[in-house]
There are 6 protein chains.
Amino acid sequence: MIKDKKMLVFSAHAADYVWRSGGTIAKYIENGADVTVIVMTFGVRGESNGIWKKGNQTYESVKEVRKKETAAAAEALGVKNIEYWDLVDYPINIDQDLEDRVLHTIRKYQPDIIITHDKNDILNPDHNAIHELVWRSSILSNSDGVITEGMPTTKQMKIFGFEPHQTEISGFVPNQFIDITSAYDKKVAAMNCFEGQHHLIEYYKQRAFLRGNHARRLSGNKEYKYAESFASFYPVVSEELV
Amino acid sequence: MIKDKKMLVFSAHAADYVWRSGGTIAKYIENGADVTVIVMTFGVRGESNGIWKKGNQTYESVKEVRKKETAAAAEALGVKNIEYWDLVDYPINIDQDLEDRVLHTIRKYQPDIIITHDKNDILNPDHNAIHELVWRSSILSNSDGVITEGMPTTKQMKIFGFEPHQTEISGFVPNQFIDITSAYDKKVAAMNCFEGQHHLIEYYKQRAFLRGNHARRLSGNKEYKYAESFASFYPVVSEELV
Amino acid sequence: MIKDKKMLVFSAHAADYVWRSGGTIAKYIENGADVTVIVMTFGVRGESNGIWKKGNQTYESVKEVRKKETAAAAEALGVKNIEYWDLVDYPINIDQDLEDRVLHTIRKYQPDIIITHDKNDILNPDHNAIHELVWRSSILSNSDGVITEGMPTTKQMKIFGFEPHQTEISGFVPNQFIDITSAYDKKVAAMNCFEGQHHLIEYYKQRAFLRGNHARRLSGNKEYKYAESFASFYPVVSEELV
Amino acid sequence: MIKDKKMLVFSAHAADYVWRSGGTIAKYIENGADVTVIVMTFGVRGESNGIWKKGNQTYESVKEVRKKETAAAAEALGVKNIEYWDLVDYPINIDQDLEDRVLHTIRKYQPDIIITHDKNDILNPDHNAIHELVWRSSILSNSDGVITEGMPTTKQMKIFGFEPHQTEISGFVPNQFIDITSAYDKKVAAMNCFEGQHHLIEYYKQRAFLRGNHARRLSGNKEYKYAESFASFYPVVSEELV
Amino acid sequence: MIKDKKMLVFSAHAADYVWRSGGTIAKYIENGADVTVIVMTFGVRGESNGIWKKGNQTYESVKEVRKKETAAAAEALGVKNIEYWDLVDYPINIDQDLEDRVLHTIRKYQPDIIITHDKNDILNPDHNAIHELVWRSSILSNSDGVITEGMPTTKQMKIFGFEPHQTEISGFVPNQFIDITSAYDKKVAAMNCFEGQHHLIEYYKQRAFLRGNHARRLSGNKEYKYAESFASFYPVVSEELV
Amino acid sequence: MIKDKKMLVFSAHAADYVWRSGGTIAKYIENGADVTVIVMTFGVRGESNGIWKKGNQTYESVKEVRKKETAAAAEALGVKNIEYWDLVDYPINIDQDLEDRVLHTIRKYQPDIIITHDKNDILNPDHNAIHELVWRSSILSNSDGVITEGMPTTKQMKIFGFEPHQTEISGFVPNQFIDITSAYDKKVAAMNCFEGQHHLIEYYKQRAFLRGNHARRLSGNKEYKYAESFASFYPVVSEELV
């Protein structure tokens, strides 16, 4: 049941969690799940071309825009728990402090589900680095001998990679489709908050439509209009075939 | 819920469904599912070395042994619906009659779930041929323009490949593990019916133990002692991440 | 130069060439290329669910609809040369006559470029069979010792697979994107001819939009609004890196 | 020890066994192995372009040339046991008679080692068909229930695929390199027998040189000047790591 | 011949070399090989859950237990040469000192064979890091221009990856099976030394049994009861096909 | 048109650009392109075995030889723009300075085409590190928010990986072949400058011959005698199928 689940989302940049999993996040929240989003960077250097192109910008001015946009988007999705880590992107520097921070965050929230970047995005080195980091930290988090004061070991959680922008050439193969029909309007509202990436709004609306078509075809369920797809890091373990 | 499910199993030879999915079959039956097993051949030529080695055998004499064995195994699993097609194996001849028969069988039973051989078994050409045949027939079965008198079009069902004997060199990658702890004794009882393949009984007992270890590790559920693994042909489509 | 090219398209069913390469076909024709389309089947059994669902249909009645639709679509694309082979689909029976016919057709048209189905469509066995058939025939066609009265050996042509419906789970990886912006309206007009597959029209409009986004991103060319993607069977051989 | 080995080579066309494994064959023979070569077709249609291009040829006239060439090549390699099956190529028709013949041949010779085409040659459908056929037959041959009058079941033999012409695009990955330095001159002499494929002689001389370079680099053995490479169908099973 | 070989084993944690290659190590030693084991960490943080769960443990107390266990296991296998590097695990920090140490160790021992972790373990980031490190160091070690005072350049050695815990989902494909029947009792004795990982003892006993079954099937040698499998990093280069 | 192109080549060691792309470089220059070569290291530690083996060498003495050789080779190819970064190799240390330097170099030259190492060379860790570095830097270079004083953002350029020494076992799959017949003599002249790697000269002459054979076969163009092959990082985006 969704309502009993704790979900933790690691988003490399300010908008990744919206394009790639905004519908799933909104759906989980509207069904009572406890969702936390970690916005690791505001994507000032790597994902703000639209703002920079307006001219007369500084790192700080772009950051202000992006911060407002992502906060508005989170609100549109219904996200109550959000952390802004305000790291520099392009590239994200993976040092020991960040390793510790990700580990501590996983242990703090004790998630049933982690969502983050999948293992290869051929157009974005930050996404790949965060994938590795989150995966590695999840393994450490589950080990009793890795001691973090006051924060217990986690149990093996489910982990999912969301879609990169260009899937096939990144080797992305979806193995789970989630119906987001009920939450689609919230996703659209959230996407509309990112003025600097206007071309992506239409792109991800159409992608949700295509994934909805796939989900209908594979399930036979005509009610599925919009969907998001994910790549589970591990096999499904279950009481019955799903 | 398992109890509402109709499952159809295509087994190339007399014992495949037992080694590879006997626990899942028994579990589904004990939970109220409607399971039908199609034993396509008795494996007289390809999987009866133990009997032939005793000497003084004919095709018919071996078949009698195998038929008794598989009937006993099916009973041990609780299988009520079983068809013996009595085709010749090694190789199984895939002609139009067989194509039609598989199609008609799928439409007759209207399964929610089909289980059969996965796409590559590097040590068994029959398994590969049956995989292709069942997959192809399932597609045809779902198409309204393929008309079979008195038998309606099916909806897209779930389809799963079970494990080949040597997995890694066959390219088998499990993406679903099913806990069979409650049904494990039935699986062992069913396997014990195959006298001619004694070495395989111990093999598949140990494999169930290993898969149980994998399932525990990946799920964190300590109750999983024995498991079977499958490769879903298609992605999971679902209301929530699993 | 497009205008000097002869292109031959093998389409398993009545609409495949439109969804998957209609823009490229229209563009080639409007630039003076010599394009021939082979519609191998009308897709009566496999790709006419929308018509069958209306009720009161026969094989012949559905065929009439599909024939009119594909003829109208071809006209919308500007296709002058089209052959309707009127084979039965789902499955397409690959016999010696068909092998010969494909070989003879290749030799008759002496194409510079062949477009057909890519090697794997996990939801359509006909597509896979036609891929194999066309590839095999192209090899034979290039060999001097395979003699076809009055029709000379071909030179190695370029061969491309077009997109299956669900790309990632079919293992499709595009390696060439073709800008179809100038021909997009013709593609839409052609797609609109297929009443029985209404849901696919929107699907392939959106796919052209997504592929256009990919093409812009990978090339830096802002003029590319719509695109189609293909998987070349062989490496590019060229005077310069492309 | 090579001298105790029985090797059986299935060559789709008249020259395949020479280009792809001639050095290994000659080496095995000079070290006392018992080698049999099956020339399944003379490659009249598929691999005799050089002869057809001379003009004034018929199927029979080309066949005579090819037969003389391959017989001379076999002699140059030291091959005493050779069967010419004289099938038509491009395509080779795989019917029940041929299935039986391959099975019976394997059982007749009881080989320790089979060499044939690897699983994918993107430029030659015959090679792929023969790969499948020989692999399938080898499995049947090892099964006690597949009864062939007067010819006993075989034990699992080693099976190797030799190199296709263009390796990387055919997915060929060598996993065994055999030093052929001592037998290299015989291979060259054998290749020189094929007048109709002159361009290939230089090609395969250079390939043996490159493979020799690879073998030296991977083994540290400076004595390896020329080599051939193969893809074993199955893992090595051994008393020690090799 | 095993007796002339020098083998060097890099084990990320205290027990890896036992579970994954203990039988091969014991066999090599009983046949006269010169084997050295490098225990890089005691696995205090990553592979000692069983001990931590007892409660009242510190890093030092757990390390003492692990050190005794691995020393006892090494003795059970007959290992005389063992180095305990006592690094911290989970994660192992790969710095320049460690790079140098691995390089120097390879040059000091001049191994014919290196065994270490294979390239991907989807459940253990340390294993992947050590794989990369050992591979990289082996390349440097073979280069004359990489100068290490008093320690000569090595010749290209053979390198093998041993099995991760869950093979298929880690992409592990064995290409060499080693019969360990004669050394199996020593492996069991060595495994029994690890009290904190009791569940793994049964697991790796059963795995050896399954690998024995595979080795028998692939070789036809009925004497093989237990085996271990490895993935050679490079192709076999040999005087004859193996 | 080649003459309008700016090409930037990143070569890990002193000779890589010559063996792997010397013909393409010479061809581009003779057709008027603007080509710059970055020789990142002189390969003193990793690719100068031939010189070290002569004895009595120091890092500096070997470097002098290599520097002269690569300068002579560049001249033979017609290269006017060349930078010697004189980094230490085996391993190349990838620090922030080097990251910045590669980024700045890309922005300084604003290339249409980048050529560098492909993603995997199983025998050379430096090649893999440089691949990652150049790819990562190219992404950053194209992003407006990554600001480098006085150097504008680049547009997405084409990027190609050249061949590793042993292709198949490194997973290299060529997807573009470039005819270098007109520039072949210059490539040979350039290769002849490397006295310390004499065995490689013959190797890469023969490889150019083999690639020429492949290029002829795949294109049907008989004029192609010598070729080089590359793996494009991204799909071709084009106005027509190539």
# chains A, B, ... in the order shown; residues from 1 in each chain; ligands from 1
>>> interface_residues(of="chain B", to="chain A", cutoff="9 Å", atoms="only C-alpha atoms", output="PyMOL selection string")
chain B and resi 1-2+24+28+113+155-158+160+174-180+215-220+229-230+232+234-242
>>> select_by_dssp(residues="stretch 15-164 of chain A", states="strand (DSSP E)", output="list of chain:residue names")
A:Asp34, A:Val35, A:Thr36, A:Val37, A:Ile38, A:Val39, A:Met40, A:Thr41, A:Asn81, A:Ile82, A:Glu83, A:Tyr84, A:Trp85, A:Asp86, A:Leu87, A:Ile113, A:Ile114, A:Ile115, A:Thr116, A:His117, A:Lys158, A:Ile159, A:Phe160, A:Gly161, A:Phe162
>>> write_last_selection(atoms="N, CA and C atoms", output="compact mmCIF listing (two decimals), in the first residue's frame")
# COMPACT_ATOMS: atom_id res chain seq x y z
N ASP A 34 4.89 9.09 2.69
CA ASP A 34 5.78 10.07 3.29
C ASP A 34 6.97 10.25 2.34
N VAL A 35 6.96 11.36 1.60
CA VAL A 35 7.96 11.58 0.55
C VAL A 35 8.90 12.72 0.90
N THR A 36 10.21 12.47 0.75
CA THR A 36 11.20 13.53 0.94
C THR A 36 12.01 13.68 -0.34
N VAL A 37 12.21 14.93 -0.76
CA VAL A 37 13.00 15.19 -1.95
C VAL A 37 14.28 15.93 -1.56
N ILE A 38 15.41 15.42 -2.07
CA ILE A 38 16.70 16.10 -1.87
C ILE A 38 17.10 16.74 -3.19
N VAL A 39 17.09 18.06 -3.21
CA VAL A 39 17.55 18.78 -4.39
C VAL A 39 19.04 19.09 -4.15
N MET A 40 19.90 18.32 -4.78
CA MET A 40 21.32 18.38 -4.44
C MET A 40 21.98 19.65 -4.95
N THR A 41 21.60 20.10 -6.13
CA THR A 41 22.12 21.37 -6.67
C THR A 41 20.94 22.09 -7.30
N ASN A 81 8.30 17.80 2.43
CA ASN A 81 9.65 17.64 2.93
C ASN A 81 10.65 17.76 1.78
N ILE A 82 11.41 18.83 1.82
CA ILE A 82 12.38 19.04 0.75
C ILE A 82 13.64 19.65 1.35
N GLU A 83 14.80 19.17 0.91
CA GLU A 83 16.08 19.73 1.35
C GLU A 83 16.79 20.30 0.13
N TYR A 84 17.29 21.50 0.28
CA TYR A 84 18.11 22.11 -0.78
C TYR A 84 19.56 22.08 -0.34
N TRP A 85 20.37 21.27 -0.99
CA TRP A 85 21.76 21.15 -0.53
C TRP A 85 22.66 22.22 -1.15
N ASP A 86 22.20 22.81 -2.19
CA ASP A 86 22.90 23.97 -2.78
C ASP A 86 24.36 23.68 -3.14
N LEU A 87 24.62 22.48 -3.66
CA LEU A 87 25.96 22.17 -4.15
C LEU A 87 26.17 22.80 -5.51
N ILE A 113 11.69 3.14 -0.24
CA ILE A 113 11.95 3.31 -1.67
C ILE A 113 12.89 4.49 -1.86
N ILE A 114 13.93 4.30 -2.66
CA ILE A 114 14.76 5.42 -3.10
C ILE A 114 14.58 5.57 -4.61
N ILE A 115 14.42 6.80 -5.07
CA ILE A 115 14.40 7.08 -6.50
C ILE A 115 15.54 8.04 -6.80
N THR A 116 16.30 7.73 -7.83
CA THR A 116 17.39 8.63 -8.23
C THR A 116 17.72 8.40 -9.70
N HIS A 117 18.85 8.89 -10.14
CA HIS A 117 19.24 8.77 -11.54
C HIS A 117 19.65 7.34 -11.87
N LYS A 158 13.98 -0.71 -1.75
CA LYS A 158 13.90 -0.78 -3.21
C LYS A 158 14.57 0.48 -3.78
N ILE A 159 15.25 0.37 -4.90
CA ILE A 159 15.89 1.54 -5.52
C ILE A 159 15.55 1.56 -7.01
N PHE A 160 15.22 2.74 -7.49
CA PHE A 160 14.80 2.89 -8.88
C PHE A 160 15.54 4.04 -9.56
N GLY A 161 15.92 3.82 -10.81
CA GLY A 161 16.48 4.88 -11.63
C GLY A 161 15.41 5.49 -12.50
N PHE A 162 15.37 6.83 -12.55
CA PHE A 162 14.39 7.39 -13.47
C PHE A 162 15.00 7.65 -14.84
>>> residues_around(residues="C:Asp89", least_positions_apart="3", cutoff="8 Å", atoms="only C-alpha atoms", output="tab-separated table (two decimals) with N, CA, C and O atoms, in the first residue's frame")
chain	number	residue	atom	x	y	z
C	13	HIS	N	3.12	-4.50	-42.72
C	13	HIS	CA	1.67	-4.28	-42.70
C	13	HIS	C	1.34	-2.96	-43.38
C	13	HIS	O	2.24	-2.20	-43.76
C	41	THR	N	1.50	-6.96	-46.51
C	41	THR	CA	0.17	-7.42	-46.11
C	41	THR	C	-0.66	-6.18	-45.79
C	41	THR	O	-0.10	-5.11	-45.55
C	42	PHE	N	-1.96	-6.38	-45.72
C	42	PHE	CA	-2.81	-5.25	-45.32
C	42	PHE	C	-3.01	-5.21	-43.80
C	42	PHE	O	-3.74	-4.37	-43.30
C	43	GLY	N	-2.37	-6.13	-43.11
C	43	GLY	CA	-2.46	-6.10	-41.65
C	43	GLY	C	-3.87	-6.42	-41.16
C	43	GLY	O	-4.28	-5.98	-40.08
C	44	VAL	N	-4.59	-7.22	-41.93
C	44	VAL	CA	-5.99	-7.50	-41.59
C	44	VAL	C	-6.11	-8.20	-40.24
C	44	VAL	O	-6.96	-7.85	-39.43
C	45	ARG	N	-5.26	-9.17	-40.03
C	45	ARG	CA	-5.36	-9.95	-38.79
C	45	ARG	C	-4.60	-9.30	-37.63
C	45	ARG	O	-5.01	-9.42	-36.48
C	46	GLY	N	-3.52	-8.61	-37.94
C	46	GLY	CA	-2.66	-8.17	-36.85
C	46	GLY	C	-2.76	-6.71	-36.48
C	46	GLY	O	-2.44	-6.33	-35.35
C	92	ILE	N	2.95	-13.91	-41.00
C	92	ILE	CA	3.31	-13.94	-42.42
C	92	ILE	C	4.09	-15.24	-42.65
C	92	ILE	O	5.08	-15.50	-41.97
C	93	ASN	N	3.62	-16.01	-43.60
C	93	ASN	CA	4.26	-17.29	-43.88
C	93	ASN	C	5.46	-17.07	-44.81
C	93	ASN	O	5.31	-16.61	-45.93
C	126	ASP	N	5.76	-10.68	-36.75
C	126	ASP	CA	5.86	-10.42	-38.20
C	126	ASP	C	7.02	-9.48	-38.51
C	126	ASP	O	7.74	-9.66	-39.50
>>> select_by_dssp(residues="stretch 51-95 of chain A", states="alpha helix (DSSP H)", output="list of chain:residue names")
A:Ile51, A:Trp52, A:Tyr59, A:Glu60, A:Ser61, A:Val62, A:Lys63, A:Glu64, A:Val65, A:Arg66, A:Lys67, A:Lys68, A:Glu69, A:Thr70, A:Ala71, A:Ala72, A:Ala73, A:Ala74, A:Glu75, A:Ala76, A:Leu77
>>> residues_around(residues="D:Pro164", least_positions_apart="6", cutoff="9 Å", atoms="only C-alpha atoms", output="PyMOL selection string")
chain D and resi 20+117-118+120-124+127+170+172
>>> closest_atom_pairs(of="stretch 58-93 of chain A", to="stretch 186-205 of chain A", cutoff="7 Å", atoms="only C-alpha atoms", output="tab-separated table")
residue	atom	partner	partner_atom	distance
A:Glu69	CA	A:Cys193	CA	5.3
A:Ala72	CA	A:Cys193	CA	6.3
A:Ala73	CA	A:Ala190	CA	4.1
A:Ala74	CA	A:Ala190	CA	6.8
A:Ala76	CA	A:Ala190	CA	5.1
A:Leu77	CA	A:Lys186	CA	5.5
>>> write_last_selection(atoms="C-alpha atoms", output="tab-separated table (two decimals), in the first residue's frame")
chain	number	residue	atom	x	y	z
A	69	GLU	CA	11.04	27.58	-9.47
A	72	ALA	CA	6.99	26.22	-6.53
A	73	ALA	CA	7.18	22.95	-8.38
A	74	ALA	CA	7.54	20.99	-5.16
A	76	ALA	CA	2.54	21.90	-6.92
A	77	LEU	CA	3.38	18.24	-6.40
>>> closest_residue(among="E:Ala71, E:Lys63, E:Gly22, E:Ile169", to="E:Tyr226", atoms="only C-alpha atoms")
E:Gly22
>>> atom_distance(atom1="atom CA of B:Ile106", atom2="atom CA of B:Ile25")
17.5 Å
>>> residues_around(residues="C:Asp144", least_positions_apart="5", cutoff="7 Å", atoms="only C-alpha atoms", output="ChimeraX atom specification")
/C:153 /D:49,52
>>> decode(residues="stretch 148-166 of chain E", atoms="N, CA and C atoms", output="CSV table (one decimal), in the first residue's frame")
chain,number,residue,atom,x,y,z
E,148,THR,N,60.1,0.6,-10.4
E,148,THR,CA,59.9,0.4,-9.0
E,148,THR,C,61.3,-0.2,-8.5
E,149,GLU,N,61.9,0.6,-7.7
E,149,GLU,CA,63.3,0.3,-7.3
E,149,GLU,C,63.5,-1.2,-6.9
E,150,GLY,N,64.3,-1.9,-7.6
E,150,GLY,CA,64.7,-3.3,-7.1
E,150,GLY,C,63.7,-4.3,-7.5
E,151,MET,N,62.6,-3.9,-8.2
E,151,MET,CA,61.5,-4.9,-8.5
E,151,MET,C,61.3,-4.8,-10.0
E,152,PRO,N,61.6,-5.9,-10.7
E,152,PRO,CA,61.5,-5.9,-12.2
E,152,PRO,C,60.1,-5.9,-12.7
E,153,THR,N,60.0,-5.4,-13.9
E,153,THR,CA,58.7,-5.5,-14.7
E,153,THR,C,58.2,-7.0,-14.7
E,154,THR,N,56.9,-7.1,-14.6
E,154,THR,CA,56.3,-8.4,-14.8
E,154,THR,C,56.0,-8.7,-16.2
E,155,LYS,N,55.9,-10.0,-16.5
E,155,LYS,CA,55.3,-10.4,-17.8
E,155,LYS,C,53.8,-10.5,-17.7
E,156,GLN,N,53.1,-10.4,-18.8
E,156,GLN,CA,51.6,-10.5,-18.7
E,156,GLN,C,51.2,-11.8,-18.0
E,157,MET,N,50.5,-11.6,-16.9
E,157,MET,CA,50.0,-12.8,-16.2
E,157,MET,C,48.6,-13.0,-16.6
E,158,LYS,N,48.1,-14.2,-16.2
E,158,LYS,CA,46.6,-14.5,-16.4
E,158,LYS,C,45.9,-13.8,-15.2
E,159,ILE,N,44.7,-13.3,-15.4
E,159,ILE,CA,43.9,-12.7,-14.3
E,159,ILE,C,42.5,-13.2,-14.4
E,160,PHE,N,42.0,-13.5,-13.2
E,160,PHE,CA,40.7,-14.1,-13.1
E,160,PHE,C,39.8,-13.4,-12.1
E,161,GLY,N,38.6,-13.2,-12.4
E,161,GLY,CA,37.6,-12.7,-11.5
E,161,GLY,C,36.8,-13.8,-10.8
E,162,PHE,N,36.7,-13.8,-9.5
E,162,PHE,CA,35.9,-14.8,-8.9
E,162,PHE,C,34.4,-14.4,-8.8
E,163,GLU,N,33.6,-15.3,-8.4
E,163,GLU,CA,32.1,-15.1,-8.4
E,163,GLU,C,31.6,-14.1,-7.4
E,164,PRO,N,30.8,-13.1,-7.8
E,164,PRO,CA,30.1,-12.3,-6.8
E,164,PRO,C,29.0,-13.2,-6.2
E,165,HIS,N,28.3,-12.6,-5.2
E,165,HIS,CA,27.3,-13.4,-4.5
E,165,HIS,C,26.1,-13.7,-5.3
E,166,GLN,N,25.6,-12.7,-6.0
E,166,GLN,CA,24.4,-12.9,-6.9
E,166,GLN,C,24.9,-12.7,-8.3
